[in-house]
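Contents: one structure, followed by commentary.
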Amino acid sequence: MYIGYTLPQRPIPFDQFDPDILPKFVREKVMPTLEGERRRLVCQNFLDHASAECKGDFDTLMASCSRRRQDYRRWGNGDDGLMDGIQPQSYEELEVFYGNLVAFNLFVIHLETEKFLVAEDTICIEGNVHQMYPGSMLPIAFGIDVDDPDAVYMLTIRMSLFFIFDEDGLGCGEQSYTNGNPTRESFVKVPHEYVPQRFWDNKKKYEEIGRGEYKDIM
């Protein structure tokens, strides 16, 4: 599936940010077009995975992932894609990876889809990723100083993502390609009223249990 034109890489209007947009797109536009049991199986797994991730539902998210093997990589820096060991290579490492994603409030994402391809063991998506980040996270994750660490910033980055599936149709890897590392210009500050409520609810929950800092993220 292809929308017919190349998306410009630019921030979307804040009132258009929808963390449920990818599951909606897959459910309404992709799933009805698929032929073949295997393609429907892997796409349903992806739909379950994406639905759980955008809600920060850790248990359901992990249930969509294979215990057989995992291979997560982010390419674009000319290395092995492992980002100095940050990208998980086993189910156990993936539990830590997604645990941090949820605990540190990095799961609130609007994926603006340009291309969506479904094969029997791989799904490929290309488009713009718009992702909410706590301001205090930017120096740690990207070495970028911000003027307001208590604010929320939206990252916009062009990305191609490949989701890989095992023999049972469960997710066993995610590999992505970007057009470069984020810079200060990749982020815009988001007014409080445009940040999705699930961001604030999750932030409060993890502050209450003592996981409101980012010292364990890397």
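Residues are referred to by chain and number: the chain letter is A, B, ... according to the order shown in the structure tokens, the number counts from 1 in that chain, and ligands are numbered separately from 1 in the order shown.
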
query = stretch 95-109 of chain A: which residues within 8 Å, counting only C-alpha atoms, same-chain residues fewer than 5 positions away excluded, as a ChimeraX atom specification?
reply = /A:18-19,53-58,62,86-88,129-134,196,198-199,202-203,206,211-214,217

Output for the residues just chosen: C-alpha atoms as a CSV table (one decimal), in the first residue's frame:
chain,number,residue,atom,x,y,z
A,18,ASP,CA,-2.9,10.7,17.3
A,19,PRO,CA,-1.0,7.9,19.0
A,53,GLU,CA,2.7,-0.3,22.4
A,54,CYS,CA,0.7,2.9,21.7
A,55,LYS,CA,-1.1,2.4,25.1
A,56,GLY,CA,1.9,1.5,27.1
A,57,ASP,CA,0.4,-2.0,27.8
A,58,PHE,CA,3.6,-3.8,28.6
A,62,MET,CA,5.5,-8.7,25.3
A,86,ILE,CA,21.1,-0.8,23.4
A,87,GLN,CA,19.2,-2.8,20.8
A,88,PRO,CA,17.9,-6.1,22.2
A,129,VAL,CA,7.7,9.1,13.0
A,130,HIS,CA,6.5,11.8,15.4
A,131,GLN,CA,7.3,10.9,19.0
A,132,MET,CA,6.7,12.6,22.3
A,133,TYR,CA,9.8,13.0,24.5
A,134,PRO,CA,10.1,14.4,28.1
A,196,PRO,CA,-2.0,13.1,24.9
A,198,ARG,CA,-1.9,8.9,28.4
A,199,PHE,CA,1.5,10.6,28.6
A,202,ASN,CA,1.8,7.2,32.7
A,203,LYS,CA,4.3,9.9,33.9
A,206,TYR,CA,5.9,5.9,37.3
A,211,ARG,CA,10.7,5.5,38.3
A,212,GLY,CA,10.4,9.1,37.3
A,213,GLU,CA,14.1,9.6,36.5
A,214,TYR,CA,16.1,8.4,33.5
A,217,ILE,CA,17.7,4.1,30.4

ask   = Do you know which residues are at most 8 Å from A:Tyr72 counting only C-alpha atoms, after dropping those on the same chain fewer than 2 positions away, and could you put them as a list in words?
value = Gln70, Arg74, Leu82, Gln87, Pro88, Gln89, Gly173, Glu174 and Gln175 of chain A

Dump as a PDB file, in the first residue's frame, selection limited to C-alpha atoms:
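See out.pdb below for the written result:
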ATOM      1  CA  GLN A  70      15.054 -11.362  18.727  1.00  0.00           C
ATOM      2  CA  ARG A  74      18.787   0.772  14.170  1.00  0.00           C
ATOM      3  CA  LEU A  82      23.220  -2.458  17.798  1.00  0.00           C
ATOM      4  CA  GLN A  87      19.167  -2.757  20.752  1.00  0.00           C
ATOM      5  CA  PRO A  88      17.897  -6.066  22.228  1.00  0.00           C
ATOM      6  CA  GLN A  89      19.062  -9.446  20.941  1.00  0.00           C
ATOM      7  CA  GLY A 173      12.863  -8.392  15.358  1.00  0.00           C
ATOM      8  CA  GLU A 174      12.575  -4.758  14.370  1.00  0.00           C
ATOM      9  CA  GLN A 175      15.166  -3.039  12.218  1.00  0.00           C
TER      10      GLN A 175
END

remark   = Between A:Gly76, A:Gly4, A:Gly171, A:Gly135, smallest distance to A:Ala151 by only C-alpha atoms belongs to A:Gly135

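The nearest approach to A:Tyr2 among the residues A:Ser186, A:Thr113, A:Thr156, A:Asn45, with only C-alpha atoms taken into account, belongs to A:Thr113.
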
ask   = Which residues come within 10 Å of A:Asn179, counting only C-alpha atoms, excluding same-chain residues fewer than 2 positions away, as a VMD selection string?
value = chain A and resid 75 to 77 157 to 160 177 181 to 182

Among the residues of stretch 74-202 of chain A, find those DSSP assigns to strand (DSSP E or B) from the backbone and print them as an mmCIF file with N, CA and C atoms, in the first residue's frame.
data_model
loop_
_atom_site.group_PDB
_atom_site.id
_atom_site.type_symbol
_atom_site.label_atom_id
_atom_site.label_comp_id
_atom_site.auth_asym_id
_atom_site.auth_seq_id
_atom_site.Cartn_x
_atom_site.Cartn_y
_atom_site.Cartn_z
ATOM 1 N N ARG A 74 19.084 -0.532 14.781
ATOM 2 C CA ARG A 74 18.787 0.772 14.170
ATOM 3 C C ARG A 74 19.997 1.179 13.349
ATOM 4 N N TRP A 75 19.787 1.226 12.031
ATOM 5 C CA TRP A 75 20.861 1.529 11.115
ATOM 6 C C TRP A 75 20.889 3.030 10.794
ATOM 7 N N ILE A 109 3.514 7.775 20.206
ATOM 8 C CA ILE A 109 4.056 7.956 18.856
ATOM 9 C C ILE A 109 2.917 8.081 17.840
ATOM 10 N N HIS A 110 3.093 9.000 16.906
ATOM 11 C CA HIS A 110 2.207 9.122 15.746
ATOM 12 C C HIS A 110 3.040 8.742 14.529
ATOM 13 N N LEU A 111 2.698 7.623 13.886
ATOM 14 C CA LEU A 111 3.454 7.185 12.709
ATOM 15 C C LEU A 111 2.659 7.554 11.466
ATOM 16 N N GLU A 112 3.209 8.490 10.720
ATOM 17 C CA GLU A 112 2.581 9.005 9.505
ATOM 18 C C GLU A 112 3.024 8.109 8.339
ATOM 19 N N THR A 113 2.129 7.240 7.886
ATOM 20 C CA THR A 113 2.503 6.174 6.963
ATOM 21 C C THR A 113 2.450 6.611 5.504
ATOM 22 N N GLU A 114 3.552 6.355 4.802
ATOM 23 C CA GLU A 114 3.627 6.597 3.360
ATOM 24 C C GLU A 114 3.524 5.280 2.584
ATOM 25 N N LYS A 115 4.240 4.246 3.050
ATOM 26 C CA LYS A 115 4.206 2.928 2.423
ATOM 27 C C LYS A 115 4.026 1.867 3.503
ATOM 28 N N PHE A 116 3.245 0.831 3.197
ATOM 29 C CA PHE A 116 3.025 -0.280 4.136
ATOM 30 C C PHE A 116 2.976 -1.563 3.313
ATOM 31 N N LEU A 117 3.969 -2.430 3.498
ATOM 32 C CA LEU A 117 4.104 -3.649 2.723
ATOM 33 C C LEU A 117 4.062 -4.861 3.645
ATOM 34 N N VAL A 118 3.289 -5.873 3.270
ATOM 35 C CA VAL A 118 3.156 -7.089 4.074
ATOM 36 C C VAL A 118 3.636 -8.284 3.274
ATOM 37 N N THR A 122 7.805 -10.606 6.987
ATOM 38 C CA THR A 122 8.290 -9.242 7.191
ATOM 39 C C THR A 122 7.193 -8.241 6.862
ATOM 40 N N ILE A 123 7.126 -7.183 7.656
ATOM 41 C CA ILE A 123 6.298 -6.026 7.331
ATOM 42 C C ILE A 123 7.227 -4.821 7.247
ATOM 43 N N CYS A 124 7.076 -4.026 6.201
ATOM 44 C CA CYS A 124 7.893 -2.822 6.027
ATOM 45 C C CYS A 124 6.990 -1.596 6.038
ATOM 46 N N ILE A 125 7.388 -0.604 6.802
ATOM 47 C CA ILE A 125 6.674 0.672 6.861
ATOM 48 C C ILE A 125 7.678 1.787 6.597
ATOM 49 N N GLU A 126 7.276 2.750 5.790
ATOM 50 C CA GLU A 126 8.095 3.942 5.579
ATOM 51 C C GLU A 126 7.224 5.167 5.787
ATOM 52 N N GLY A 127 7.799 6.164 6.437
ATOM 53 C CA GLY A 127 7.069 7.396 6.660
ATOM 54 C C GLY A 127 7.754 8.261 7.691
ATOM 55 N N ASN A 128 6.984 9.130 8.321
ATOM 56 C CA ASN A 128 7.503 10.030 9.349
ATOM 57 C C ASN A 128 7.071 9.559 10.728
ATOM 58 N N VAL A 129 8.029 9.451 11.615
ATOM 59 C CA VAL A 129 7.743 9.134 13.013
ATOM 60 C C VAL A 129 7.716 10.439 13.800
ATOM 61 N N HIS A 130 6.607 10.684 14.486
ATOM 62 C CA HIS A 130 6.465 11.828 15.388
ATOM 63 C C HIS A 130 6.322 11.249 16.791
ATOM 64 N N GLN A 131 7.262 11.564 17.673
ATOM 65 C CA GLN A 131 7.325 10.899 18.972
ATOM 66 C C GLN A 131 7.476 11.908 20.103
ATOM 67 N N MET A 132 6.667 11.747 21.144
ATOM 68 C CA MET A 132 6.745 12.630 22.306
ATOM 69 C C MET A 132 7.910 12.234 23.211
ATOM 70 N N TYR A 133 8.692 13.220 23.624
ATOM 71 C CA TYR A 133 9.823 13.000 24.527
ATOM 72 C C TYR A 133 9.749 13.959 25.703
ATOM 73 N N PRO A 134 9.948 13.472 26.930
ATOM 74 C CA PRO A 134 10.143 14.391 28.050
ATOM 75 C C PRO A 134 11.396 15.224 27.801
ATOM 76 N N VAL A 152 7.422 18.942 27.195
ATOM 77 C CA VAL A 152 7.391 17.781 26.305
ATOM 78 C C VAL A 152 7.741 18.262 24.906
ATOM 79 N N TYR A 153 8.582 17.501 24.227
ATOM 80 C CA TYR A 153 9.025 17.850 22.884
ATOM 81 C C TYR A 153 8.612 16.750 21.907
ATOM 82 N N MET A 154 8.270 17.147 20.693
ATOM 83 C CA MET A 154 7.918 16.185 19.659
ATOM 84 C C MET A 154 9.060 16.051 18.664
ATOM 85 N N LEU A 155 9.563 14.827 18.536
ATOM 86 C CA LEU A 155 10.566 14.504 17.531
ATOM 87 C C LEU A 155 9.875 14.183 16.211
ATOM 88 N N THR A 156 10.426 14.668 15.108
ATOM 89 C CA THR A 156 9.989 14.262 13.779
ATOM 90 C C THR A 156 11.199 13.748 13.017
ATOM 91 N N ILE A 157 11.089 12.494 12.510
ATOM 92 C CA ILE A 157 12.205 11.898 11.796
ATOM 93 C C ILE A 157 11.674 10.963 10.715
ATOM 94 N N ARG A 158 12.316 10.984 9.559
ATOM 95 C CA ARG A 158 11.977 10.071 8.463
ATOM 96 C C ARG A 158 12.562 8.698 8.783
ATOM 97 N N MET A 159 11.765 7.624 8.587
ATOM 98 C CA MET A 159 12.229 6.312 8.984
ATOM 99 C C MET A 159 11.599 5.218 8.125
ATOM 100 N N SER A 160 12.391 4.183 7.854
ATOM 101 C CA SER A 160 11.876 2.929 7.299
ATOM 102 C C SER A 160 12.037 1.863 8.370
ATOM 103 N N LEU A 161 10.992 1.085 8.586
ATOM 104 C CA LEU A 161 11.004 0.070 9.638
ATOM 105 C C LEU A 161 10.658 -1.288 9.049
ATOM 106 N N PHE A 162 11.420 -2.296 9.448
ATOM 107 C CA PHE A 162 11.160 -3.671 9.043
ATOM 108 C C PHE A 162 10.854 -4.501 10.299
ATOM 109 N N PHE A 163 9.658 -5.066 10.340
ATOM 110 C CA PHE A 163 9.246 -5.929 11.442
ATOM 111 C C PHE A 163 9.336 -7.373 10.963
ATOM 112 N N ILE A 164 9.997 -8.231 11.747
ATOM 113 C CA ILE A 164 10.307 -9.599 11.352
ATOM 114 C C ILE A 164 9.518 -10.562 12.241
ATOM 115 N N PHE A 165 9.084 -11.699 11.672
ATOM 116 C CA PHE A 165 8.215 -12.637 12.386
ATOM 117 C C PHE A 165 8.783 -14.050 12.330
ATOM 118 N N GLY A 171 6.399 -11.579 16.604
ATOM 119 C CA GLY A 171 7.462 -10.648 16.268
ATOM 120 C C GLY A 171 8.796 -11.090 16.826
ATOM 121 N N CYS A 172 9.823 -11.165 15.961
ATOM 122 C CA CYS A 172 11.148 -11.584 16.436
ATOM 123 C C CYS A 172 12.238 -10.593 16.042
ATOM 124 N N GLY A 173 11.848 -9.385 15.662
ATOM 125 C CA GLY A 173 12.863 -8.392 15.358
ATOM 126 C C GLY A 173 12.251 -7.135 14.774
ATOM 127 N N GLU A 174 12.965 -6.044 14.966
ATOM 128 C CA GLU A 174 12.575 -4.758 14.370
ATOM 129 C C GLU A 174 13.857 -4.039 13.981
ATOM 130 N N GLN A 175 13.981 -3.721 12.695
ATOM 131 C CA GLN A 175 15.166 -3.039 12.218
ATOM 132 C C GLN A 175 14.748 -1.780 11.469
ATOM 133 N N SER A 176 15.396 -0.683 11.793
ATOM 134 C CA SER A 176 14.977 0.608 11.238
ATOM 135 C C SER A 176 16.152 1.322 10.592
ATOM 136 N N TYR A 177 15.810 2.177 9.642
ATOM 137 C CA TYR A 177 16.776 3.002 8.927
ATOM 138 C C TYR A 177 16.290 4.444 8.981
ATOM 139 N N THR A 178 17.178 5.360 9.310
ATOM 140 C CA THR A 178 16.822 6.773 9.358
ATOM 141 C C THR A 178 17.719 7.565 8.412
ATOM 142 N N PHE A 187 13.238 18.646 16.961
ATOM 143 C CA PHE A 187 12.291 18.667 18.071
ATOM 144 C C PHE A 187 11.571 20.015 18.142
ATOM 145 N N VAL A 188 10.294 19.949 18.461
ATOM 146 C CA VAL A 188 9.529 21.158 18.748
ATOM 147 C C VAL A 188 8.831 20.983 20.090
ATOM 148 N N LYS A 189 8.753 22.066 20.841
ATOM 149 C CA LYS A 189 8.078 22.010 22.141
ATOM 150 C C LYS A 189 6.568 21.933 21.948
ATOM 151 N N VAL A 190 5.929 21.062 22.704
ATOM 152 C CA VAL A 190 4.492 20.831 22.570
ATOM 153 C C VAL A 190 3.752 21.517 23.715
#

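Note that atom CA of A:Gly169 and atom CA of A:Ile21 are 22.9 Å apart.
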
task = Can you work out which one of A:Thr33, A:Phe14, A:Trp200, A:Leu61 has the shortest atom-to-atom distance to A:Met1, counting only C-alpha atoms?
result = A:Thr33

inquiry  = Going by DSSP on the backbone, which residues of stretch 96-185 of chain A come out as helix (DSSP H, G or I)? List them as number ranges by chain.
reply    = A: 96-103, 135-142, 184-185

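Atom CA of A:Asp15 is found 9.4 Å from atom CA of A:Glu193.
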
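Note that atom CA of A:Ser64 and atom CA of A:Ile3 are 27.6 Å apart.
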
Could you pull the residues within 12 Å of A:Leu34, counting only C-alpha atoms, minus those fewer than 3 positions along the same chain, as a JSON list (two decimals) with C-alpha atoms, in the first residue's frame?
[["chain", "number", "residue", "atom", "x", "y", "z"],
["A", 1, "MET", "CA", 0.00, 0.00, 0.00],
["A", 26, "VAL", "CA", -3.73, -1.25, 9.81],
["A", 27, "ARG", "CA", -7.17, -2.32, 11.05],
["A", 28, "GLU", "CA", -9.17, -0.27, 8.54],
["A", 29, "LYS", "CA", -6.92, 0.02, 5.48],
["A", 30, "VAL", "CA", -4.53, -2.94, 5.48],
["A", 31, "MET", "CA", -6.16, -5.98, 7.08],
["A", 37, "GLU", "CA", -3.43, -16.99, 5.98],
["A", 38, "ARG", "CA", 0.21, -16.29, 6.77],
["A", 39, "ARG", "CA", 0.05, -12.62, 5.78],
["A", 40, "ARG", "CA", -3.10, -12.15, 7.84],
["A", 41, "LEU", "CA", -1.39, -13.89, 10.78],
["A", 42, "VAL", "CA", 1.70, -11.68, 10.82],
["A", 43, "CYS", "CA", -0.32, -8.53, 10.22],
["A", 44, "GLN", "CA", -2.69, -9.39, 13.08],
["A", 116, "PHE", "CA", 3.02, -0.28, 4.14],
["A", 117, "LEU", "CA", 4.10, -3.65, 2.72],
["A", 118, "VAL", "CA", 3.16, -7.09, 4.07],
["A", 119, "ALA", "CA", 5.11, -10.25, 3.20],
["A", 120, "GLU", "CA", 5.01, -13.68, 4.82]]
